Amino acid sequence: ANARSMPWEWDSGGQAAMAYQQWKRHSPLLYDLLTNHNLVHPSPCFRWGHLISEDSSYIVQRVYYSERGAAPNSIVIANAKIAKPRTSDPTKMDKWDENQQSINMQTLFRINTPEKTEVNKVYTIAQNKNILVAKSDLSDLHLFDITNSTPLNSQNQKPSATLQGHDQEACESNFALDTCSQQPWVLSGDKQGVILLWDIESGNRTAFGTVQVLKRFEGHTETVEDVCFKPNSASEFCSVGDDQRLLFWDARSKHSPIQEAPKWCTVDLHCVDWNQEHDALLVTGTADGATFVFDRRKIEGPNGEASPLHS
């Protein structure tokens, strides 16, 4: 997803524009598929959804993204038509118009965000493809059931449930959110260093659709920047934050970390993700653009120092 700002709009010397045109010209050599979809408003987040259909040349997959600066702000539900590997025409790949939207992106409908706030992250629930979790600058997270949503009713659609527990303003400009693949659990971190866990299908829900916190985890001393469930695990997850710490947790045991990686950097840790094929491996990203790959089984060296496999 691309906003309207182009390289030649912010580079008076023309060097960025020249580099951009060179990259665009060589894109058929770099990529098997490249689609440009220009948005009227910037998008803070983008999320792939479930497979809709498939034939010999294309797949159609659901996508979700939020619009910031729209009137009002909204969550967009769309379908993306994607060419299968080695089926795209390379002679046409670099012929897009930066100011146009792609014919391969079909907007289905929009949901106005609660209190017209900006949505920082949208996630799906593995157990129900029609349930969305939205995290905004509000202290509450919101669930949307889009099973019966249409262009006519979606803009006035209300959240099906509210996840409460964060303190006021604790989620402002915060992106720490994940959902569990094994059960309907939602994780969210905040600026106070707290991580909250909800079970959205438990009986811990009020008559007004409010879901209360299942468990609270404390260990970070500054903002939690990212949380991530371990693949194929119903309870294990990890987190990173502005305190430069990588922490490991288990929801079955206690409210504090079960393991901590030795500190290895002096800048904020902004993201973390597990390897989906080999769940002992994970990667972190730092505020200065560096990435580090760890093997959890050998995360600590012989002298207690951090021991990344790659950086």
# chains A, B, ... in the order shown; residues from 1 in each chain; ligands from 1
>>> residues_around(residues="Lys191 of chain A", least_positions_apart="2", cutoff="12 Å", atoms="only C-alpha atoms", output="short mmCIF file (atom, residue, chain, number, x, y, z; two decimals) with N, CA and C atoms, in the first residue's frame")
data_model
loop_
_atom_site.label_atom_id
_atom_site.label_comp_id
_atom_site.auth_asym_id
_atom_site.auth_seq_id
_atom_site.Cartn_x
_atom_site.Cartn_y
_atom_site.Cartn_z
N ASP A 137 -5.17 4.22 19.30
CA ASP A 137 -4.60 5.02 20.38
C ASP A 137 -5.47 4.98 21.64
N SER A 139 -7.37 3.24 24.90
CA SER A 139 -6.91 2.25 25.87
C SER A 139 -7.57 0.89 25.65
N HIS A 166 -6.01 -1.96 29.64
CA HIS A 166 -4.93 -0.99 29.57
C HIS A 166 -5.35 0.32 30.25
N ASP A 167 -4.39 0.99 30.86
CA ASP A 167 -4.66 2.29 31.46
C ASP A 167 -4.86 3.34 30.38
N GLN A 168 -5.46 4.44 30.77
CA GLN A 168 -5.73 5.54 29.85
C GLN A 168 -4.43 6.03 29.21
N GLU A 169 -4.44 6.19 27.87
CA GLU A 169 -3.32 6.68 27.07
C GLU A 169 -2.13 5.73 27.05
N ALA A 170 -2.28 4.51 27.58
CA ALA A 170 -1.16 3.57 27.59
C ALA A 170 -0.90 2.97 26.22
N CYS A 171 -1.87 3.06 25.31
CA CYS A 171 -1.72 2.46 23.98
C CYS A 171 -1.48 3.49 22.88
N GLU A 172 -1.29 4.73 23.24
CA GLU A 172 -1.11 5.77 22.23
C GLU A 172 0.14 5.50 21.40
N SER A 173 -0.04 5.43 20.07
CA SER A 173 1.05 5.14 19.12
C SER A 173 1.79 3.85 19.48
N ASN A 174 1.05 2.83 19.91
CA ASN A 174 1.65 1.55 20.27
C ASN A 174 1.15 0.48 19.30
N PHE A 175 2.08 -0.43 18.92
CA PHE A 175 1.78 -1.41 17.88
C PHE A 175 1.94 -2.85 18.36
N ALA A 176 2.14 -3.07 19.66
CA ALA A 176 2.38 -4.42 20.19
C ALA A 176 1.07 -5.20 20.25
N SER A 188 -1.52 -7.94 23.95
CA SER A 188 -1.29 -6.52 23.67
C SER A 188 -0.34 -5.94 24.70
N GLY A 189 0.68 -5.22 24.23
CA GLY A 189 1.60 -4.52 25.12
C GLY A 189 1.30 -3.03 25.13
N GLY A 193 4.91 -0.74 29.87
CA GLY A 193 5.66 -1.97 30.02
C GLY A 193 4.83 -3.18 30.39
N VAL A 194 3.50 -3.06 30.27
CA VAL A 194 2.58 -4.13 30.66
C VAL A 194 2.11 -4.89 29.42
N ILE A 195 1.95 -6.21 29.56
CA ILE A 195 1.39 -7.05 28.51
C ILE A 195 0.11 -7.69 29.05
N GLU A 218 4.10 -8.58 33.73
CA GLU A 218 4.96 -7.42 33.99
C GLU A 218 6.41 -7.86 34.05
N HIS A 220 8.85 -5.70 31.62
CA HIS A 220 9.49 -4.59 30.92
C HIS A 220 9.42 -3.32 31.78
N THR A 221 10.44 -2.51 31.67
CA THR A 221 10.49 -1.26 32.43
C THR A 221 10.16 -0.04 31.57
N GLU A 222 10.05 -0.25 30.27
CA GLU A 222 9.65 0.82 29.36
C GLU A 222 8.65 0.26 28.35
N THR A 223 8.35 1.03 27.30
CA THR A 223 7.33 0.66 26.33
C THR A 223 7.57 -0.72 25.73
N VAL A 224 6.52 -1.53 25.68
CA VAL A 224 6.56 -2.80 24.95
C VAL A 224 6.29 -2.49 23.48
N GLU A 225 7.26 -2.77 22.63
CA GLU A 225 7.13 -2.43 21.21
C GLU A 225 6.51 -3.55 20.38
N ASP A 226 6.70 -4.81 20.79
CA ASP A 226 6.15 -5.91 20.01
C ASP A 226 5.99 -7.14 20.89
N VAL A 240 9.57 -7.61 23.07
CA VAL A 240 10.71 -6.70 23.07
C VAL A 240 10.21 -5.30 23.40
N GLY A 241 11.14 -4.43 23.83
CA GLY A 241 10.72 -3.09 24.19
C GLY A 241 11.83 -2.07 24.17
N ASP A 242 11.46 -0.85 24.58
CA ASP A 242 12.42 0.26 24.61
C ASP A 242 13.45 0.11 25.72
N ASP A 243 13.29 -0.88 26.58
CA ASP A 243 14.31 -1.15 27.60
C ASP A 243 15.40 -2.08 27.08
#
>>> residues_around(residues="Ile125 of chain A", least_positions_apart="3", cutoff="9 Å", atoms="only C-alpha atoms", output="PyMOL selection string")
chain A and resi 128-133+179-181+183-186
>>> closest_residue(among="A:Thr286, A:Asn275, A:Gln164, A:Ser233", to="Leu138 of chain A", atoms="only C-alpha atoms")
A:Gln164
>>> closest_residue(among="A:Glu98, A:Glu305, A:Asp140, A:Asp273", to="Cys238 of chain A", atoms="only C-alpha atoms")
A:Asp273
>>> select_by_dssp(residues="segment 33-187 of chain A", states="strand (DSSP E or B)", output="PyMOL selection string")
chain A and resi 38+46-54+58-67+74-83+105-112+119-125+128-136+141-145+161-163+177-179+185-187
>>> closest_residue(among="A:Pro302, A:Phe237, A:Cys271, A:Gly165", to="Pro257 of chain A", atoms="only C-alpha atoms")
A:Phe237
>>> closest_residue(among="A:Tyr58, A:Lys215, A:Ala83, A:Val283", to="Arg252 of chain A", atoms="only C-alpha atoms")
A:Lys215
>>> select_by_dssp(residues="segment 27-239 of chain A", states="alpha helix (DSSP H)", output="ChimeraX atom specification")
/A:27-30
>>> residues_around(residues="segment 288-294 of chain A", least_positions_apart="2", cutoff="12 Å", atoms="only C-alpha atoms", output="number ranges by chain")
A: 246, 261-262, 264-275, 278-286, 296-301, 306-311
>>> atom_distance(atom1="atom CA of Ile52 of chain A", atom2="atom CA of Ile200 of chain A")
24.8 Å
